[in-house]
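Trainee: Sharing a structure below in structure tokens format, with a few things to ask.
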Amino acid sequence: MSAPEPAAALTSVTRFFGSVRAVDNVTLTVRRGDYVSIMGRSGSGKSTLLNVMGLLDRPTLGHYILDGIDTGSLSNRERALARGTRLGFVFQAFHLLPRLTVLENVLLGLAYSGLPRSRRRTMAQRAIERVAMGHRTEAYPSTLSGGERQRISIARAILHNPRILILDEATASMDTETERKIQASLNSLVKGRTTIIIAHRLSTLRDADYLVVIDEGKMAESGTHSELINKKGIYYNLYKIQTDALKNIGVE
């Protein structure tokens with residue numbers, strides 16, 4: 001019996017910006033249903049890698065297969081359609097339009113659905129309720145806290161039930177209590193769904209099925225949390241810095 005087709009597969013992917021290799025010869029396979037965390041130092045190339053995987057950018061070299069589709073052959077319109085139907089995004093920057101209400105911002109996530117307006121509205125309202133923001137559907141982003149704005153971006157990402165969820169440090173700018181609440185919302189939404197996340201939170205790293213460490217654009221290490229801790233390489237050192245910092249302020 002053949003193995004199931006992966007959710008995403010990069011082969012020798014490189015992304016140049018001028019003479020700089022932001023992503024350098026990365027080969028990575030993400031299995032369906034896996035929770036994969038990507039981490040690395042600031043400027044290591046992890047966000048560029050995530051942009052390629054999310055069809056927000058094209059590789060300069062190499063091949064990328066997403067959900068069985070060879071993305072190298074897609075037109076810009078086809079890439080936009082694939083993003084809008086197969087992927088859900090949650091970014092650190094909320095990307096909410098200030099002149100639209102909460103409901104209108106979430107409805108943008110169904111722009112390519114072709115569904116009747118009444119059906120789209122019902123789906124958007126349900127997604128907003130799933131992140132406990134049903135009481136703010138007519139509010140504008142300027143009246144929301146940072147945590148509330150992130151909840152709305154999560155609702156927009158999941159309302160069309162995407163096969164793959166991509167998160168780029170979605171809680172990095174939050175205070176600890178808000179981060180915990182947002183993470184609790186995400187935990188219930190990612191179950192059974194292929195999830196690729198740039199992570200910094202220790203519990204997120206420990207809970208990942210698979211970890212990828214990017215260093216100077218290259219995939220320097222990969223494996224489970226336990227495997228990389230035992231290896232005592234880049235991941236071990238970054239993880240130890242975080243745990244030591246938390247111990248110093250009395251947080252275990």
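If you're wondering about the labels, chains in the structure tokens are A, B, ... by order shown, residues count from 1 in each chain, ligands from 1 in order shown.
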Apply DSSP to the backbone of this structure and, from segment 197-232 of chain A, keep only the residues in alpha helix (DSSP H); write these as an MDAnalysis selection string.

Mentor: chainID A and resid 202:207 225:231

Trainee: Report as a PyMOL selection string all protein, DNA and RNA residues lying within 9 Å of Asn161 of chain A, evaluated on only C-alpha atoms, omitting residues in the same chain fewer than 4 positions from it.

Mentor: chain A and resi 85-88+157

Trainee: Take the residues from that selection and write them out as a PDB file, in the first residue's frame, keeping N, CA and C atoms.

Mentor:
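Produced file part_8.pdb, reproduced below:
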ATOM      1  N   THR A  85      -8.698  28.942  -1.069  1.00  0.00           N
ATOM      2  CA  THR A  85      -9.546  27.764  -0.880  1.00  0.00           C
ATOM      3  C   THR A  85      -8.871  26.644  -0.089  1.00  0.00           C
ATOM      4  N   ARG A  86      -7.551  26.551  -0.147  1.00  0.00           N
ATOM      5  CA  ARG A  86      -6.853  25.440   0.484  1.00  0.00           C
ATOM      6  C   ARG A  86      -6.088  25.829   1.745  1.00  0.00           C
ATOM      7  N   LEU A  87      -5.789  27.120   1.895  1.00  0.00           N
ATOM      8  CA  LEU A  87      -4.938  27.579   2.985  1.00  0.00           C
ATOM      9  C   LEU A  87      -5.671  28.549   3.892  1.00  0.00           C
ATOM     10  N   GLY A  88      -5.310  28.536   5.173  1.00  0.00           N
ATOM     11  CA  GLY A  88      -5.759  29.544   6.117  1.00  0.00           C
ATOM     12  C   GLY A  88      -4.541  30.186   6.750  1.00  0.00           C
ATOM     13  N   ALA A 157      -9.308  32.987   9.038  1.00  0.00           N
ATOM     14  CA  ALA A 157      -8.453  31.916   8.510  1.00  0.00           C
ATOM     15  C   ALA A 157      -9.152  30.569   8.468  1.00  0.00           C
TER      16      ALA A 157
END

Trainee: May I ask which of the residues A:Leu49, A:Leu107, A:Ile166, A:Leu100 is the closest one to Thr143 of chain A, counting only C-alpha atoms?

Mentor: A:Leu100

Trainee: Check the smallest atom-to-atom distance from each of A:Gly18, A:Gly43, A:Gly62, A:Gly68 to Gly217 of chain A using only C-alpha atoms, then report the winner.

Mentor: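 Ranked by minimum distance to Gly217 of chain A, first place goes to A:Gly43.
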
Trainee: Please identify all polymer residues within 8 Å of Arg156 of chain A, counting only C-alpha atoms, omitting same-chain residues fewer than 5 positions from it, and present them as a list in words.

Mentor: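 Residues meeting the cut-off are Gly88, Asn105, Val106, Leu107, Leu108, Gly109, Ala124, Ala127 and Ile128 of chain A.
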
Trainee: If we count only C-alpha atoms, what is near segment 229-242 of chain A at a cut-off of 9 Å, once residues fewer than 3 positions away on the same chain are taken out, given as a list in words?

Mentor: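 The residues that qualify are Met39, Gly40, Arg41, Arg201, Leu202, Leu205, Val212, Val213, Asp215, Ala220, Glu221, Thr224, His225, Ser226, Ala245, Leu246 and Lys247 of chain A.
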
Trainee: How would the residues just picked look written out with C-alpha atoms as a short mmCIF file (atom, residue, chain, number, x, y, z; two decimals), in the first residue's frame?

Mentor:
data_model
loop_
_atom_site.label_atom_id
_atom_site.label_comp_id
_atom_site.auth_asym_id
_atom_site.auth_seq_id
_atom_site.Cartn_x
_atom_site.Cartn_y
_atom_site.Cartn_z
CA MET A 39 11.95 28.07 14.34
CA GLY A 40 15.24 29.90 14.13
CA ARG A 41 17.02 33.07 15.08
CA ARG A 201 6.38 29.59 22.69
CA LEU A 202 7.86 26.63 24.57
CA LEU A 205 7.54 23.67 20.37
CA VAL A 212 12.40 22.36 11.64
CA VAL A 213 15.28 24.66 12.57
CA ASP A 215 19.72 28.81 10.16
CA ALA A 220 19.92 23.01 9.87
CA GLU A 221 18.03 20.49 12.02
CA THR A 224 10.87 15.79 17.28
CA HIS A 225 11.42 17.89 20.40
CA SER A 226 13.05 14.98 22.22
CA ALA A 245 15.12 33.05 31.06
CA LEU A 246 11.75 31.85 32.39
CA LYS A 247 13.34 30.31 35.46
#

Trainee: Let's see if you can do this: from backbone DSSP, list all strand (DSSP E or B) residues in segment 5-224 of chain A, as a short mmCIF file (atom, residue, chain, number, x, y, z; two decimals) with N, CA and C atoms, in the first residue's frame.

Mentor:
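Final output, selection-v3.cif:
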data_model
loop_
_atom_site.label_atom_id
_atom_site.label_comp_id
_atom_site.auth_asym_id
_atom_site.auth_seq_id
_atom_site.Cartn_x
_atom_site.Cartn_y
_atom_site.Cartn_z
N ALA A 8 2.37 19.00 1.85
CA ALA A 8 3.27 19.95 1.23
C ALA A 8 4.65 19.31 1.08
N ALA A 9 5.30 19.56 -0.05
CA ALA A 9 6.62 18.99 -0.29
C ALA A 9 7.49 19.98 -1.05
N LEU A 10 8.58 20.39 -0.42
CA LEU A 10 9.55 21.27 -1.07
C LEU A 10 10.77 20.44 -1.43
N THR A 11 11.28 20.66 -2.63
CA THR A 11 12.47 19.96 -3.09
C THR A 11 13.49 20.98 -3.57
N SER A 12 14.61 21.06 -2.84
CA SER A 12 15.74 21.94 -3.20
C SER A 12 15.26 23.38 -3.46
N VAL A 13 14.41 23.89 -2.59
CA VAL A 13 13.86 25.23 -2.77
C VAL A 13 14.84 26.29 -2.29
N THR A 14 15.11 27.25 -3.17
CA THR A 14 15.97 28.39 -2.85
C THR A 14 15.24 29.67 -3.23
N ARG A 15 15.37 30.70 -2.38
CA ARG A 15 14.78 32.00 -2.68
C ARG A 15 15.84 33.07 -2.52
N PHE A 16 16.15 33.72 -3.65
CA PHE A 16 17.12 34.81 -3.66
C PHE A 16 16.40 36.15 -3.51
N PHE A 17 17.02 37.08 -2.80
CA PHE A 17 16.67 38.50 -2.84
C PHE A 17 17.96 39.23 -3.21
N VAL A 20 21.35 37.68 -2.01
CA VAL A 20 21.17 37.03 -0.71
C VAL A 20 20.26 35.82 -0.86
N ARG A 21 20.71 34.67 -0.32
CA ARG A 21 19.89 33.47 -0.30
C ARG A 21 19.09 33.46 1.00
N ALA A 22 17.87 33.97 0.94
CA ALA A 22 17.03 33.99 2.14
C ALA A 22 16.61 32.59 2.54
N VAL A 23 16.34 31.75 1.53
CA VAL A 23 16.10 30.32 1.74
C VAL A 23 17.09 29.58 0.84
N ASP A 24 17.77 28.60 1.41
CA ASP A 24 18.90 27.99 0.70
C ASP A 24 18.76 26.47 0.64
N ASN A 25 18.27 25.98 -0.52
CA ASN A 25 18.26 24.55 -0.82
C ASN A 25 17.52 23.72 0.23
N VAL A 26 16.29 24.13 0.52
CA VAL A 26 15.50 23.44 1.55
C VAL A 26 14.65 22.33 0.91
N THR A 27 14.76 21.15 1.47
CA THR A 27 13.91 20.01 1.10
C THR A 27 13.15 19.59 2.34
N LEU A 28 11.82 19.62 2.25
CA LEU A 28 10.98 19.38 3.42
C LEU A 28 9.66 18.77 2.99
N THR A 29 9.22 17.75 3.70
CA THR A 29 7.91 17.14 3.46
C THR A 29 7.06 17.25 4.71
N VAL A 30 5.84 17.76 4.55
CA VAL A 30 4.88 17.86 5.65
C VAL A 30 3.75 16.88 5.37
N TYR A 35 1.47 18.59 12.77
CA TYR A 35 1.65 19.92 13.37
C TYR A 35 3.15 20.18 13.34
N VAL A 36 3.57 21.06 12.45
CA VAL A 36 4.99 21.30 12.22
C VAL A 36 5.37 22.71 12.68
N SER A 37 6.38 22.79 13.53
CA SER A 37 6.88 24.08 14.01
C SER A 37 8.19 24.41 13.32
N ILE A 38 8.28 25.64 12.81
CA ILE A 38 9.51 26.14 12.20
C ILE A 38 10.09 27.21 13.13
N MET A 39 11.35 27.09 13.45
CA MET A 39 11.95 28.07 14.34
C MET A 39 13.36 28.39 13.89
N LEU A 61 14.52 28.90 -7.18
CA LEU A 61 14.92 27.58 -7.68
C LEU A 61 14.18 26.51 -6.90
N GLY A 62 14.05 25.33 -7.49
CA GLY A 62 13.45 24.20 -6.80
C GLY A 62 11.97 24.03 -7.12
N HIS A 63 11.35 23.06 -6.46
CA HIS A 63 9.96 22.70 -6.74
C HIS A 63 9.16 22.67 -5.44
N TYR A 64 7.89 23.06 -5.57
CA TYR A 64 7.00 23.03 -4.41
C TYR A 64 5.66 22.44 -4.81
N ILE A 65 5.30 21.33 -4.16
CA ILE A 65 4.02 20.67 -4.38
C ILE A 65 3.14 20.95 -3.16
N LEU A 66 1.98 21.54 -3.38
CA LEU A 66 1.04 21.84 -2.31
C LEU A 66 -0.27 21.11 -2.54
N ILE A 69 -0.66 19.71 -5.89
CA ILE A 69 -0.56 20.63 -7.03
C ILE A 69 0.88 21.11 -7.19
N ASP A 70 1.41 21.02 -8.40
CA ASP A 70 2.73 21.58 -8.70
C ASP A 70 2.57 23.09 -8.83
N LEU A 87 -5.79 27.12 1.89
CA LEU A 87 -4.94 27.58 2.98
C LEU A 87 -5.67 28.55 3.89
N GLY A 88 -5.31 28.54 5.17
CA GLY A 88 -5.76 29.54 6.12
C GLY A 88 -4.54 30.19 6.75
N PHE A 89 -4.53 31.52 6.85
CA PHE A 89 -3.36 32.24 7.36
C PHE A 89 -3.70 33.00 8.64
N VAL A 90 -2.78 32.96 9.60
CA VAL A 90 -2.84 33.83 10.78
C VAL A 90 -1.45 34.42 10.95
N PHE A 91 -1.37 35.75 10.86
CA PHE A 91 -0.08 36.42 10.94
C PHE A 91 0.01 37.24 12.23
N ILE A 164 -4.95 23.26 5.15
CA ILE A 164 -3.67 23.59 5.76
C ILE A 164 -3.78 24.95 6.42
N LEU A 165 -3.35 25.02 7.69
CA LEU A 165 -3.35 26.28 8.43
C LEU A 165 -1.91 26.73 8.62
N ILE A 166 -1.64 28.00 8.29
CA ILE A 166 -0.29 28.55 8.39
C ILE A 166 -0.30 29.72 9.37
N LEU A 167 0.58 29.66 10.37
CA LEU A 167 0.63 30.70 11.38
C LEU A 167 2.05 31.25 11.49
N ASP A 168 2.17 32.56 11.39
CA ASP A 168 3.48 33.21 11.46
C ASP A 168 3.58 34.00 12.76
N THR A 194 -3.66 19.89 9.07
CA THR A 194 -2.25 20.14 8.81
C THR A 194 -1.94 21.57 9.20
N THR A 195 -0.97 21.74 10.10
CA THR A 195 -0.64 23.07 10.62
C THR A 195 0.86 23.30 10.53
N ILE A 196 1.21 24.45 9.95
CA ILE A 196 2.62 24.84 9.84
C ILE A 196 2.75 26.17 10.55
N ILE A 197 3.62 26.25 11.55
CA ILE A 197 3.68 27.43 12.39
C ILE A 197 5.11 27.86 12.66
N ILE A 198 5.37 29.15 12.55
CA ILE A 198 6.60 29.70 13.09
C ILE A 198 6.34 29.93 14.57
N TYR A 210 6.65 17.64 14.64
CA TYR A 210 7.91 17.72 13.91
C TYR A 210 8.43 19.16 14.00
N LEU A 211 9.71 19.32 14.21
CA LEU A 211 10.33 20.63 14.32
C LEU A 211 11.38 20.81 13.22
N VAL A 212 11.41 22.02 12.66
CA VAL A 212 12.40 22.36 11.64
C VAL A 212 13.14 23.60 12.11
N VAL A 213 14.45 23.52 12.16
CA VAL A 213 15.28 24.66 12.57
C VAL A 213 15.95 25.24 11.34
N ILE A 214 15.68 26.52 11.08
CA ILE A 214 16.28 27.22 9.94
C ILE A 214 17.42 28.10 10.45
N ASP A 215 18.55 28.01 9.79
CA ASP A 215 19.72 28.81 10.16
C ASP A 215 20.41 29.28 8.89
N LYS A 218 19.18 27.82 5.63
CA LYS A 218 19.26 26.38 5.44
C LYS A 218 18.45 25.64 6.51
N MET A 219 17.98 24.45 6.17
CA MET A 219 17.34 23.59 7.16
C MET A 219 18.45 22.90 7.93
N ALA A 220 18.77 23.46 9.11
CA ALA A 220 19.92 23.01 9.87
C ALA A 220 19.63 21.75 10.67
N GLU A 221 18.41 21.64 11.20
CA GLU A 221 18.03 20.49 12.02
C GLU A 221 16.55 20.19 11.82
N SER A 222 16.18 18.95 12.03
CA SER A 222 14.76 18.58 11.99
C SER A 222 14.56 17.33 12.81
N GLY A 223 13.36 17.20 13.39
CA GLY A 223 13.04 16.05 14.20
C GLY A 223 12.02 16.41 15.26
#

Trainee: I'd like the neighbourhood of Thr122 of chain A as number ranges by chain, where a residue qualifies if any of its atoms comes within 12 Å (using only C-alpha atoms), though same-chain residues fewer than 3 positions away should be ignored.

Mentor: A: 103-104, 106-107, 110, 115-119, 125-129, 134, 137, 159-160

Trainee: Using the selection just defined, write its residues with N, CA and C atoms as a PDB file, in the first residue's frame.

Mentor:
ATOM      1  N   LEU A 103     -17.368  41.597  10.913  1.00  0.00           N
ATOM      2  CA  LEU A 103     -18.031  40.658  10.010  1.00  0.00           C
ATOM      3  C   LEU A 103     -17.548  40.824   8.577  1.00  0.00           C
ATOM      4  N   GLU A 104     -17.418  42.050   8.117  1.00  0.00           N
ATOM      5  CA  GLU A 104     -16.975  42.304   6.747  1.00  0.00           C
ATOM      6  C   GLU A 104     -15.538  41.842   6.528  1.00  0.00           C
ATOM      7  N   VAL A 106     -14.048  39.357   8.112  1.00  0.00           N
ATOM      8  CA  VAL A 106     -14.047  37.892   8.061  1.00  0.00           C
ATOM      9  C   VAL A 106     -14.623  37.391   6.736  1.00  0.00           C
ATOM     10  N   LEU A 107     -15.625  38.083   6.211  1.00  0.00           N
ATOM     11  CA  LEU A 107     -16.222  37.697   4.926  1.00  0.00           C
ATOM     12  C   LEU A 107     -15.206  37.708   3.787  1.00  0.00           C
ATOM     13  N   LEU A 110     -13.898  34.491   2.285  1.00  0.00           N
ATOM     14  CA  LEU A 110     -14.696  33.687   1.349  1.00  0.00           C
ATOM     15  C   LEU A 110     -14.798  34.354  -0.020  1.00  0.00           C
ATOM     16  N   LEU A 115     -19.909  31.159  -3.109  1.00  0.00           N
ATOM     17  CA  LEU A 115     -21.124  30.866  -2.363  1.00  0.00           C
ATOM     18  C   LEU A 115     -22.068  32.063  -2.352  1.00  0.00           C
ATOM     19  N   PRO A 116     -23.381  31.825  -2.196  1.00  0.00           N
ATOM     20  CA  PRO A 116     -24.330  32.935  -2.076  1.00  0.00           C
ATOM     21  C   PRO A 116     -24.000  33.802  -0.863  1.00  0.00           C
ATOM     22  N   ARG A 117     -24.332  35.077  -0.941  1.00  0.00           N
ATOM     23  CA  ARG A 117     -23.998  36.011   0.132  1.00  0.00           C
ATOM     24  C   ARG A 117     -24.578  35.579   1.477  1.00  0.00           C
ATOM     25  N   SER A 118     -25.813  35.082   1.483  1.00  0.00           N
ATOM     26  CA  SER A 118     -26.435  34.673   2.738  1.00  0.00           C
ATOM     27  C   SER A 118     -25.670  33.527   3.385  1.00  0.00           C
ATOM     28  N   ARG A 119     -25.197  32.578   2.560  1.00  0.00           N
ATOM     29  CA  ARG A 119     -24.424  31.450   3.073  1.00  0.00           C
ATOM     30  C   ARG A 119     -23.080  31.921   3.619  1.00  0.00           C
ATOM     31  N   GLN A 125     -20.331  34.445  10.516  1.00  0.00           N
ATOM     32  CA  GLN A 125     -20.846  34.636  11.876  1.00  0.00           C
ATOM     33  C   GLN A 125     -20.474  33.449  12.767  1.00  0.00           C
ATOM     34  N   ARG A 126     -20.583  32.239  12.221  1.00  0.00           N
ATOM     35  CA  ARG A 126     -20.234  31.054  13.011  1.00  0.00           C
ATOM     36  C   ARG A 126     -18.749  31.028  13.353  1.00  0.00           C
ATOM     37  N   ALA A 127     -17.898  31.418  12.396  1.00  0.00           N
ATOM     38  CA  ALA A 127     -16.454  31.443  12.643  1.00  0.00           C
ATOM     39  C   ALA A 127     -16.122  32.462  13.732  1.00  0.00           C
ATOM     40  N   ILE A 128     -16.786  33.603  13.703  1.00  0.00           N
ATOM     41  CA  ILE A 128     -16.558  34.642  14.722  1.00  0.00           C
ATOM     42  C   ILE A 128     -16.990  34.140  16.093  1.00  0.00           C
ATOM     43  N   GLU A 129     -18.094  33.434  16.141  1.00  0.00           N
ATOM     44  CA  GLU A 129     -18.572  32.875  17.409  1.00  0.00           C
ATOM     45  C   GLU A 129     -17.620  31.815  17.952  1.00  0.00           C
ATOM     46  N   GLY A 134     -18.580  36.821  18.989  1.00  0.00           N
ATOM     47  CA  GLY A 134     -19.884  37.024  18.375  1.00  0.00           C
ATOM     48  C   GLY A 134     -20.560  38.318  18.764  1.00  0.00           C
ATOM     49  N   THR A 137     -19.479  41.692  16.139  1.00  0.00           N
ATOM     50  CA  THR A 137     -19.522  41.549  14.674  1.00  0.00           C
ATOM     51  C   THR A 137     -19.603  42.888  13.942  1.00  0.00           C
ATOM     52  N   LEU A 159     -12.675  29.953   8.567  1.00  0.00           N
ATOM     53  CA  LEU A 159     -14.102  29.860   8.245  1.00  0.00           C
ATOM     54  C   LEU A 159     -14.389  28.989   7.036  1.00  0.00           C
ATOM     55  N   HIS A 160     -13.436  28.814   6.103  1.00  0.00           N
ATOM     56  CA  HIS A 160     -13.685  27.943   4.956  1.00  0.00           C
ATOM     57  C   HIS A 160     -13.083  26.551   5.161  1.00  0.00           C
TER      58      HIS A 160
END

Trainee: Which one is closest to Leu186 of chain A: A:His95, A:Arg151, A:Arg206, A:Arg136? Count only C-alpha atoms.

Mentor: A:Arg151

Trainee: Have a look at A:Ala82, A:Ser73, A:Gly33, A:Ser42 and name the one nearest to Val190 of chain A; count only C-alpha atoms.

Mentor: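 Result for the nearest residue to Val190 of chain A: A:Gly33.
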